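What follows is the content of work_4.cif (mmCIF, C-alpha atoms).
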```
data_structure
loop_
_atom_site.label_atom_id
_atom_site.label_comp_id
_atom_site.auth_asym_id
_atom_site.auth_seq_id
_atom_site.Cartn_x
_atom_site.Cartn_y
_atom_site.Cartn_z
CA MET A 19 -96.57 -77.18 3.08
CA ILE A 20 -98.15 -78.56 6.23
CA ASN A 21 -97.67 -81.90 7.97
CA ALA A 22 -100.23 -84.01 9.80
CA THR A 23 -99.62 -82.30 13.16
CA ASP A 24 -99.97 -78.83 11.63
CA ARG A 25 -103.22 -79.94 10.02
CA LYS A 26 -104.64 -81.15 13.34
CA ILE A 27 -103.69 -77.85 14.93
CA ILE A 28 -105.18 -75.80 12.09
CA GLN A 29 -108.42 -77.75 12.29
CA ALA A 30 -108.62 -77.19 16.03
CA LEU A 31 -108.05 -73.45 15.57
CA GLN A 32 -109.94 -72.55 12.41
CA GLY A 33 -113.06 -71.84 14.43
CA GLY A 34 -111.01 -69.54 16.65
CA LEU A 35 -108.92 -69.47 19.82
CA PRO A 36 -110.82 -69.86 23.13
CA LEU A 37 -111.12 -66.65 25.15
CA VAL A 38 -109.68 -68.05 28.37
CA PRO A 39 -106.59 -67.07 30.40
CA ALA A 40 -104.49 -69.96 29.04
CA PRO A 41 -105.87 -70.49 25.51
CA TYR A 42 -102.95 -72.52 24.18
CA ALA A 43 -103.13 -74.93 27.12
CA ALA A 44 -106.86 -75.35 26.47
CA VAL A 45 -106.32 -76.18 22.79
CA ALA A 46 -103.36 -78.43 23.61
CA SER A 47 -105.41 -80.48 26.05
CA GLU A 48 -108.18 -80.80 23.47
CA LEU A 49 -105.58 -82.16 21.04
CA GLY A 50 -103.96 -84.42 23.66
CA MET A 51 -100.74 -82.50 23.14
CA ASP A 52 -98.27 -80.68 25.36
CA GLU A 53 -98.82 -76.92 25.61
CA ASP A 54 -95.12 -76.32 24.85
CA LEU A 55 -95.27 -78.53 21.78
CA LEU A 56 -98.37 -76.75 20.50
CA MET A 57 -96.71 -73.36 20.98
CA TYR A 58 -93.60 -74.62 19.22
CA HIS A 59 -95.68 -75.67 16.20
CA LEU A 60 -97.58 -72.36 16.21
CA ALA A 61 -94.30 -70.40 16.32
CA GLU A 62 -92.96 -72.48 13.47
CA MET A 63 -96.11 -71.93 11.36
CA LYS A 64 -95.86 -68.20 12.04
CA ALA A 65 -92.23 -68.17 10.97
CA ARG A 66 -93.18 -69.87 7.70
CA GLY A 67 -96.11 -67.53 7.09
CA VAL A 68 -98.75 -70.28 7.36
CA ILE A 69 -100.16 -68.25 10.26
CA ARG A 70 -100.07 -64.54 9.50
CA ARG A 71 -101.11 -63.44 12.95
CA ILE A 72 -103.40 -64.43 15.82
CA ALA A 73 -105.91 -61.62 16.00
CA ALA A 74 -109.48 -60.37 15.89
CA ALA A 75 -111.43 -60.09 12.65
CA PRO A 76 -113.57 -56.96 13.08
CA ASN A 77 -116.99 -56.55 11.57
CA HIS A 78 -116.85 -53.31 9.58
CA TYR A 79 -120.62 -52.99 9.49
CA LYS A 80 -121.01 -53.19 13.26
CA LEU A 81 -118.35 -50.51 13.61
CA GLY A 82 -120.37 -48.13 11.49
CA MET A 83 -118.23 -48.66 8.38
CA THR A 84 -121.30 -49.63 6.42
CA SER A 85 -120.02 -48.65 3.01
CA ASN A 86 -117.47 -50.85 1.29
CA GLY A 87 -116.18 -50.15 -2.20
CA MET A 88 -113.84 -52.27 -4.24
CA THR A 89 -112.09 -49.63 -6.33
CA VAL A 90 -110.59 -50.93 -9.57
CA TRP A 91 -108.13 -49.18 -11.84
CA ASP A 92 -106.56 -49.68 -15.24
CA VAL A 93 -102.97 -48.65 -14.59
CA ALA A 94 -100.10 -48.78 -17.07
CA ASP A 95 -98.23 -52.06 -16.49
CA ASN A 96 -94.86 -50.37 -16.15
CA ARG A 97 -96.14 -48.17 -13.30
CA VAL A 98 -98.37 -50.56 -11.38
CA ALA A 99 -95.70 -51.72 -8.89
CA GLU A 100 -94.68 -48.19 -7.94
CA LEU A 101 -98.24 -46.82 -7.78
CA GLY A 102 -99.71 -49.91 -6.13
CA ALA A 103 -97.24 -49.46 -3.28
CA LEU A 104 -98.43 -45.86 -2.80
CA VAL A 105 -102.10 -46.81 -2.86
CA GLY A 106 -101.54 -49.79 -0.55
CA ALA A 107 -99.87 -47.49 1.98
CA LEU A 108 -102.96 -45.24 2.30
CA PRO A 109 -104.42 -45.64 5.80
CA PHE A 110 -107.96 -46.26 4.53
CA VAL A 111 -107.02 -48.97 2.01
CA THR A 112 -107.43 -52.37 3.67
CA HIS A 113 -106.31 -54.57 0.78
CA CYS A 114 -104.45 -53.71 -2.41
CA TYR A 115 -103.51 -56.10 -5.18
CA GLU A 116 -102.40 -56.26 -8.78
CA ARG A 117 -104.59 -58.79 -10.59
CA PRO A 118 -104.76 -59.92 -14.22
CA ARG A 119 -107.02 -58.14 -16.68
CA ALA A 120 -109.67 -60.18 -18.53
CA LEU A 121 -109.82 -58.32 -21.83
CA PRO A 122 -111.96 -57.17 -23.46
CA ASP A 123 -114.55 -57.37 -20.64
CA TRP A 124 -112.43 -56.40 -17.67
CA ARG A 125 -109.59 -53.93 -18.16
CA TYR A 126 -108.69 -53.24 -14.51
CA ASN A 127 -105.42 -54.53 -13.04
CA LEU A 128 -105.21 -52.71 -9.69
CA PHE A 129 -107.73 -53.42 -6.91
CA ALA A 130 -107.95 -51.41 -3.67
CA MET A 131 -110.59 -51.99 -0.98
CA VAL A 132 -111.94 -48.86 0.69
CA HIS A 133 -114.29 -48.69 3.70
CA GLY A 134 -116.26 -45.73 5.01
CA ALA A 135 -119.26 -44.67 7.07
CA ASP A 136 -121.19 -43.95 3.86
CA ARG A 137 -120.66 -43.77 0.10
CA ASP A 138 -119.71 -40.07 0.26
CA GLU A 139 -116.81 -40.91 2.52
CA VAL A 140 -115.76 -43.76 0.24
CA GLU A 141 -115.93 -41.42 -2.78
CA ASP A 142 -113.72 -38.85 -1.00
CA LYS A 143 -111.14 -41.55 -0.36
CA ARG A 144 -111.44 -42.78 -3.92
CA ALA A 145 -110.71 -39.25 -5.15
CA GLU A 146 -107.45 -39.35 -3.22
CA ILE A 147 -106.47 -42.51 -5.06
CA THR A 148 -107.44 -40.91 -8.38
CA ALA A 149 -105.09 -38.02 -7.59
CA ILE A 150 -102.22 -40.34 -6.74
CA LEU A 151 -102.59 -42.40 -9.92
CA GLY A 152 -102.85 -39.34 -12.17
CA ASP A 153 -102.14 -39.92 -15.85
CA ALA A 154 -101.05 -43.51 -15.28
CA CYS A 155 -104.72 -44.41 -14.74
CA ARG A 156 -106.65 -44.94 -17.98
CA ALA A 157 -109.98 -46.10 -16.56
CA LYS A 158 -111.56 -46.71 -13.17
CA ASP A 159 -114.67 -48.06 -11.53
CA ILE A 160 -116.02 -48.85 -8.08
CA LEU A 161 -118.05 -51.86 -7.01
CA TYR A 162 -119.95 -51.32 -3.78
CA SER A 163 -120.84 -54.34 -1.74
CA THR A 164 -124.58 -54.56 -1.18
CA ARG A 165 -124.71 -57.83 0.78
CA ILE A 166 -122.37 -60.23 2.57
CA LEU A 167 -123.33 -63.58 1.08
CA LYS A 168 -120.85 -65.73 3.01
CA LYS A 169 -117.97 -65.19 5.40
CA THR A 170 -116.38 -68.26 6.90
CA GLY A 171 -112.68 -68.10 6.11
CA LEU A 172 -110.54 -71.05 5.20
CA ARG A 173 -111.90 -74.49 6.05
CA LEU A 174 -109.61 -77.48 5.77
CA LYS A 175 -111.17 -80.78 4.83
CA ALA A 176 -111.25 -83.30 7.67
CA LYS A 177 -108.88 -85.72 5.98
CA GLY A 178 -105.20 -85.05 5.24
CA MET B 15 -125.60 -54.45 20.91
CA THR B 16 -123.81 -52.78 23.84
CA PRO B 17 -122.35 -49.43 22.72
CA MET B 18 -118.56 -49.49 22.41
CA ASP B 19 -116.72 -47.37 24.97
CA SER B 20 -113.14 -46.11 24.65
CA THR B 21 -111.75 -49.21 26.37
CA ASP B 22 -113.56 -51.45 23.88
CA ARG B 23 -112.10 -49.42 21.03
CA ALA B 24 -108.58 -49.63 22.44
CA ILE B 25 -109.03 -53.39 22.80
CA LEU B 26 -110.31 -53.82 19.27
CA ASN B 27 -107.43 -51.80 17.85
CA ARG B 28 -104.88 -53.80 19.82
CA MET B 29 -106.47 -57.17 19.12
CA GLN B 30 -106.18 -56.69 15.37
CA GLU B 31 -102.44 -56.97 15.96
CA ASP B 32 -100.76 -60.24 16.79
CA LEU B 33 -101.49 -61.99 20.11
CA PRO B 34 -98.26 -63.02 21.87
CA LEU B 35 -97.38 -66.69 21.87
CA THR B 36 -96.97 -67.13 25.62
CA ALA B 37 -98.88 -69.16 28.19
CA HIS B 38 -101.03 -66.20 29.34
CA PRO B 39 -101.22 -63.96 26.29
CA PHE B 40 -104.34 -62.04 27.32
CA ALA B 41 -102.65 -61.03 30.59
CA VAL B 42 -99.82 -59.50 28.54
CA VAL B 43 -102.24 -57.53 26.34
CA ALA B 44 -104.34 -56.48 29.35
CA ASP B 45 -101.17 -55.12 30.96
CA GLU B 46 -100.36 -53.11 27.84
CA LEU B 47 -103.86 -51.65 27.91
CA GLY B 48 -103.88 -51.02 31.66
CA ILE B 49 -106.89 -53.23 32.37
CA SER B 50 -107.34 -56.58 34.07
CA GLU B 51 -107.14 -59.88 32.22
CA SER B 52 -110.68 -60.78 33.26
CA ASP B 53 -112.03 -57.45 32.00
CA LEU B 54 -110.26 -57.94 28.68
CA LEU B 55 -111.65 -61.46 28.25
CA ALA B 56 -115.16 -60.43 29.25
CA ARG B 57 -115.16 -57.53 26.79
CA LEU B 58 -113.80 -59.69 23.99
CA GLU B 59 -116.48 -62.28 24.70
CA ARG B 60 -119.13 -59.56 24.56
CA MET B 61 -117.77 -58.17 21.28
CA LYS B 62 -117.97 -61.66 19.81
CA THR B 63 -121.54 -62.10 21.03
CA ASP B 64 -122.42 -58.70 19.56
CA ARG B 65 -120.65 -59.71 16.32
CA VAL B 66 -118.38 -56.65 16.46
CA VAL B 67 -115.64 -59.27 16.27
CA THR B 68 -116.58 -62.02 13.83
CA ARG B 69 -113.72 -64.29 14.84
CA PHE B 70 -110.71 -64.35 17.11
CA GLY B 71 -107.84 -66.64 16.26
CA PRO B 72 -105.09 -67.40 13.78
CA PHE B 73 -105.29 -66.00 10.24
CA PHE B 74 -104.03 -68.69 7.91
CA ASP B 75 -102.36 -68.16 4.57
CA ALA B 76 -103.48 -70.94 2.23
CA ALA B 77 -100.64 -70.16 -0.19
CA ALA B 78 -98.01 -70.73 2.52
CA MET B 79 -99.63 -74.12 3.23
CA GLY B 80 -99.07 -75.08 -0.38
CA GLY B 81 -102.59 -74.15 -1.37
CA ALA B 82 -104.04 -71.10 -3.04
CA PHE B 83 -106.48 -68.20 -2.79
CA CYS B 84 -108.26 -66.72 -5.78
CA LEU B 85 -110.72 -63.87 -6.12
CA CYS B 86 -113.48 -64.91 -8.51
CA ALA B 87 -116.49 -63.17 -9.98
CA MET B 88 -119.68 -64.13 -11.79
CA ALA B 89 -122.25 -62.16 -13.77
CA VAL B 90 -125.53 -63.63 -12.53
CA PRO B 91 -128.91 -62.45 -13.85
CA GLU B 92 -131.11 -61.15 -11.05
CA GLY B 93 -133.71 -63.87 -11.44
CA ASP B 94 -131.08 -66.61 -11.04
CA PHE B 95 -129.18 -64.97 -8.23
CA GLU B 96 -130.51 -66.87 -5.22
CA THR B 97 -130.33 -70.26 -6.96
CA VAL B 98 -126.76 -69.64 -8.09
CA LEU B 99 -125.84 -68.30 -4.65
CA THR B 100 -127.00 -71.49 -2.96
CA LYS B 101 -124.92 -73.59 -5.34
CA VAL B 102 -121.81 -71.41 -5.00
CA ASN B 103 -121.95 -71.16 -1.20
CA ALA B 104 -122.40 -74.92 -0.87
CA HIS B 105 -118.73 -75.29 -1.85
CA PRO B 106 -116.52 -75.33 1.27
CA GLU B 107 -113.76 -73.70 -0.83
CA VAL B 108 -115.83 -70.50 -0.99
CA ALA B 109 -114.45 -68.54 1.97
CA HIS B 110 -116.13 -65.14 1.45
CA ASN B 111 -118.81 -64.03 -0.94
CA TYR B 112 -120.14 -60.52 -1.58
CA GLU B 113 -122.86 -59.12 -3.78
CA ARG B 114 -121.56 -56.03 -5.62
CA THR B 115 -122.88 -53.27 -7.86
CA HIS B 116 -121.66 -54.30 -11.31
CA ARG B 117 -122.57 -56.65 -14.14
CA LEU B 118 -120.10 -58.95 -12.37
CA ASN B 119 -122.32 -58.98 -9.30
CA MET B 120 -121.10 -61.94 -7.26
CA TRP B 121 -117.52 -61.79 -5.94
CA PHE B 122 -116.09 -64.60 -3.88
CA VAL B 123 -112.75 -65.92 -2.69
CA LEU B 124 -111.82 -69.54 -3.28
CA ALA B 125 -109.34 -70.95 -0.74
CA THR B 126 -108.02 -74.40 -1.57
CA GLU B 127 -105.37 -76.69 -0.17
CA THR B 128 -103.65 -77.20 -3.51
CA PRO B 129 -103.09 -74.79 -6.42
CA ASP B 130 -105.06 -77.18 -8.67
CA GLY B 131 -108.01 -76.88 -6.33
CA ILE B 132 -108.87 -73.40 -7.63
CA ALA B 133 -109.46 -74.49 -11.20
CA ALA B 134 -111.33 -77.60 -10.05
CA ALA B 135 -113.68 -75.61 -7.81
CA ALA B 136 -114.23 -72.95 -10.48
CA GLU B 137 -115.04 -75.61 -13.08
CA ALA B 138 -117.41 -77.37 -10.72
CA ILE B 139 -119.28 -74.11 -10.08
CA GLU B 140 -119.45 -73.36 -13.80
CA GLY B 141 -120.80 -76.84 -14.45
CA GLU B 142 -123.44 -76.59 -11.74
CA THR B 143 -124.62 -73.08 -12.53
CA GLY B 144 -123.99 -72.69 -16.26
CA PHE B 145 -122.31 -69.32 -15.67
CA LYS B 146 -118.69 -68.40 -16.24
CA VAL B 147 -116.42 -68.01 -13.22
CA TRP B 148 -113.94 -65.19 -13.81
CA GLN B 149 -110.66 -65.71 -11.98
CA PHE B 150 -108.58 -62.82 -10.66
CA PRO B 151 -105.64 -64.35 -8.79
CA LYS B 152 -103.33 -61.88 -7.09
CA LEU B 153 -100.19 -61.09 -9.08
CA GLN B 154 -98.76 -58.76 -6.49
CA GLU B 155 -99.85 -57.79 -2.99
CA PHE B 156 -99.07 -54.23 -1.97
CA PHE B 157 -100.14 -54.22 1.65
CA ILE B 158 -102.49 -56.02 3.91
CA GLY B 159 -103.77 -53.14 5.93
CA PHE B 160 -106.47 -55.32 7.56
CA ARG B 161 -106.66 -53.03 10.61
CA VAL B 162 -109.75 -50.89 11.11
CA ALA B 163 -109.51 -47.95 13.49
CA ALA B 164 -112.39 -48.56 15.89
#
```
Encoded form (structure tokens):
Amino acid sequence: MINATDRKIIQALQGGLPLVPAPYAAVASELGMDEDLLMYHLAEMKARGVIRRIAAAPNHYKLGMTSNGMTVWDVADNRVAELGALVGALPFVTHCYERPRALPDWRYNLFAMVHGADRDEVEDKRAEITAILGDACRAKDILYSTRILKKTGLRLKAKG
Amino acid sequence: MTPMDSTDRAILNRMQEDLPLTAHPFAVVADELGISESDLLARLERMKTDRVVTRFGPFFDAAAMGGAFCLCAMAVPEGDFETVLTKVNAHPEVAHNYERTHRLNMWFVLATETPDGIAAAAEAIEGETGFKVWQFPKLQEFFIGFRVAA
């Protein structure tokens, strides 16, 4: 959970951290807060996992990774934990989750995001996943992204 | 866009990792990379302007704040797509949205401050658009490999 101070800090930072030599001091002064106190709250939110990391979000497209495929797999329930861990550890998989099926329309329970310079590269990587899953995989599909429709990240409402 | 040189790539790889929580964090990273703080900041600023970096700052976990994230999908007929898109994107809870090659052709992430917020936002979208919102919450996360080798 977050308190009122955390919320103020999150709101000040959701647009990003200023690219200046002393960024925390800059944000602290904007909030009318001590730099040390701000850093204490940030450390505390990191310890609790509210902040995962303070880092850059790269744009895959601008880096030439123009092909993005959400690979989806129907994996036997009793093997999904073990196999999901293997798939998630692949260097080219950026996100990997077990999610619920929505039968009968959607039978896939393992999702792994794969990026590549083109669809051929994504297919090569997908073949590696196919090999790892072996017989435990009963069906598979891939959903390529054709357009980014929105990308803003979390936005807290102004009021707490 | 300015072409990326090897220093830019080293910066982008390093900056996908955590920034230290000290008074002059960019000086620390610049030291690691063997460049000056001002060079690092100028290059980061340029990468933001060029949209190579879409954002620099904290990554928040809505679940750890007591809220929730949920991947959702909709099957939207082509002729309705833009109208539905406008309605879906108007919700501040929609954090990311991608068009994908499948009958379920619109995939978005709902991020809400309370677990109940997911169902409420999904219902609101269904009501406004007349199309079902499929919910695929994560049951298990295997790895967040977020880093892209630049």
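In terms of minimum interatomic distance to Leu55 (chain B), A:Leu35 ranks closest within A:Gly134, A:Leu35, A:Ile166, A:Arg119, counting all atoms listed in the file.
The shortest atom-to-atom distance to chain B, with only C-alpha atoms taken into account, belongs to A:Lys168 out of A:Lys168, A:Arg25, A:His59, A:Lys143.
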Interface, chain B side, toward chain A (6 Å; all atoms listed in the file) as a PyMOL selection string: chain B and resi 29-33+37-38+66-75+78-80+109-115+150-160
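Atom pair CA of Val90 (chain B) / CA of Met120 (chain B) has a distance of 7.1 Å (rounded to one decimal).
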Spatial neighbours of Leu47 (chain B), 8 Å, only C-alpha atoms, chain gap at least 3 places, as number ranges by chain: B: 24-25, 43-44
Can you spit out the residues from that selection as a PDB file, in the coordinates of the input, using C-alpha atoms?
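Everything below was put into result22.pdb:
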```
ATOM      1  CA  ALA B  24    -108.580 -49.630  22.440  1.00  0.00           C
ATOM      2  CA  ILE B  25    -109.030 -53.390  22.800  1.00  0.00           C
ATOM      3  CA  VAL B  43    -102.240 -57.530  26.340  1.00  0.00           C
ATOM      4  CA  ALA B  44    -104.340 -56.480  29.350  1.00  0.00           C
TER       5      ALA B  44
END
```
Let me know the centre plus edge lengths, in Å and rounded to one decimal, of a box with edges along x, y and z that contains all listed atoms of region 154-169 of chain A and is padded by 3 Å on every side, as AutoDock Vina command-line options.
```
--center_x -112.9 --center_y -54.6 --center_z -6.3 --size_x 29.7 --size_y 28.2 --size_z 29.4
```
Contact residues around Pro129 (chain B) with all atoms listed in the file at 9 Å, ignoring same-chain residues under 6 positions, as an mmCIF file with C-alpha atoms, keeping the file's coordinate frame:
```cif
data_model
loop_
_atom_site.group_PDB
_atom_site.id
_atom_site.type_symbol
_atom_site.label_atom_id
_atom_site.label_comp_id
_atom_site.auth_asym_id
_atom_site.auth_seq_id
_atom_site.Cartn_x
_atom_site.Cartn_y
_atom_site.Cartn_z
ATOM 1 C CA ALA B 77 -100.640 -70.160 -0.190
ATOM 2 C CA GLY B 80 -99.070 -75.080 -0.380
ATOM 3 C CA GLY B 81 -102.590 -74.150 -1.370
ATOM 4 C CA ALA B 82 -104.040 -71.100 -3.040
ATOM 5 C CA PHE B 83 -106.480 -68.200 -2.790
#
```
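A straight line drawn from CA of Arg60 (chain B) to CA of Ile27 (chain A) is 25.8 Å long.
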How about completing region 131-147 of chain A with N, CA and C atoms and giving it to me as a JSON list (two decimals), in the coordinates of the input?
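Listed below is the output, result26.json:
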```json
[["chain", "number", "residue", "atom", "x", "y", "z"],
["A", 131, "MET", "N", -109.34, -51.96, -1.76],
["A", 131, "MET", "CA", -110.59, -51.99, -0.98],
["A", 131, "MET", "C", -110.64, -50.78, -0.06],
["A", 132, "VAL", "N", -111.77, -50.08, -0.11],
["A", 132, "VAL", "CA", -111.94, -48.86, 0.69],
["A", 132, "VAL", "C", -113.22, -48.95, 1.52],
["A", 133, "HIS", "N", -113.12, -48.66, 2.81],
["A", 133, "HIS", "CA", -114.29, -48.69, 3.70],
["A", 133, "HIS", "C", -114.61, -47.28, 4.20],
["A", 134, "GLY", "N", -115.88, -47.03, 4.46],
["A", 134, "GLY", "CA", -116.26, -45.73, 5.01],
["A", 134, "GLY", "C", -117.63, -45.79, 5.65],
["A", 135, "ALA", "N", -117.97, -44.71, 6.39],
["A", 135, "ALA", "CA", -119.26, -44.67, 7.07],
["A", 135, "ALA", "C", -120.41, -44.61, 6.06],
["A", 136, "ASP", "N", -120.17, -43.99, 4.91],
["A", 136, "ASP", "CA", -121.19, -43.95, 3.86],
["A", 136, "ASP", "C", -120.48, -43.81, 2.51],
["A", 137, "ARG", "N", -121.27, -43.80, 1.43],
["A", 137, "ARG", "CA", -120.66, -43.77, 0.10],
["A", 137, "ARG", "C", -119.93, -42.44, -0.16],
["A", 138, "ASP", "N", -120.41, -41.35, 0.44],
["A", 138, "ASP", "CA", -119.71, -40.07, 0.26],
["A", 138, "ASP", "C", -118.27, -40.16, 0.78],
["A", 139, "GLU", "N", -118.15, -40.78, 1.94],
["A", 139, "GLU", "CA", -116.81, -40.91, 2.52],
["A", 139, "GLU", "C", -115.93, -41.79, 1.64],
["A", 140, "VAL", "N", -116.52, -42.87, 1.12],
["A", 140, "VAL", "CA", -115.76, -43.76, 0.24],
["A", 140, "VAL", "C", -115.35, -43.00, -1.02],
["A", 141, "GLU", "N", -116.25, -42.18, -1.56],
["A", 141, "GLU", "CA", -115.93, -41.42, -2.78],
["A", 141, "GLU", "C", -114.80, -40.41, -2.53],
["A", 142, "ASP", "N", -114.81, -39.78, -1.34],
["A", 142, "ASP", "CA", -113.72, -38.85, -1.00],
["A", 142, "ASP", "C", -112.38, -39.58, -1.01],
["A", 143, "LYS", "N", -112.39, -40.77, -0.43],
["A", 143, "LYS", "CA", -111.14, -41.55, -0.36],
["A", 143, "LYS", "C", -110.72, -41.99, -1.77],
["A", 144, "ARG", "N", -111.73, -42.35, -2.55],
["A", 144, "ARG", "CA", -111.44, -42.78, -3.92],
["A", 144, "ARG", "C", -110.81, -41.64, -4.72],
["A", 145, "ALA", "N", -111.28, -40.41, -4.45],
["A", 145, "ALA", "CA", -110.71, -39.25, -5.15],
["A", 145, "ALA", "C", -109.23, -39.07, -4.82],
["A", 146, "GLU", "N", -108.87, -39.43, -3.59],
["A", 146, "GLU", "CA", -107.45, -39.35, -3.22],
["A", 146, "GLU", "C", -106.62, -40.33, -4.04],
["A", 147, "ILE", "N", -107.18, -41.51, -4.25],
["A", 147, "ILE", "CA", -106.47, -42.51, -5.06],
["A", 147, "ILE", "C", -106.36, -42.02, -6.51]]
```
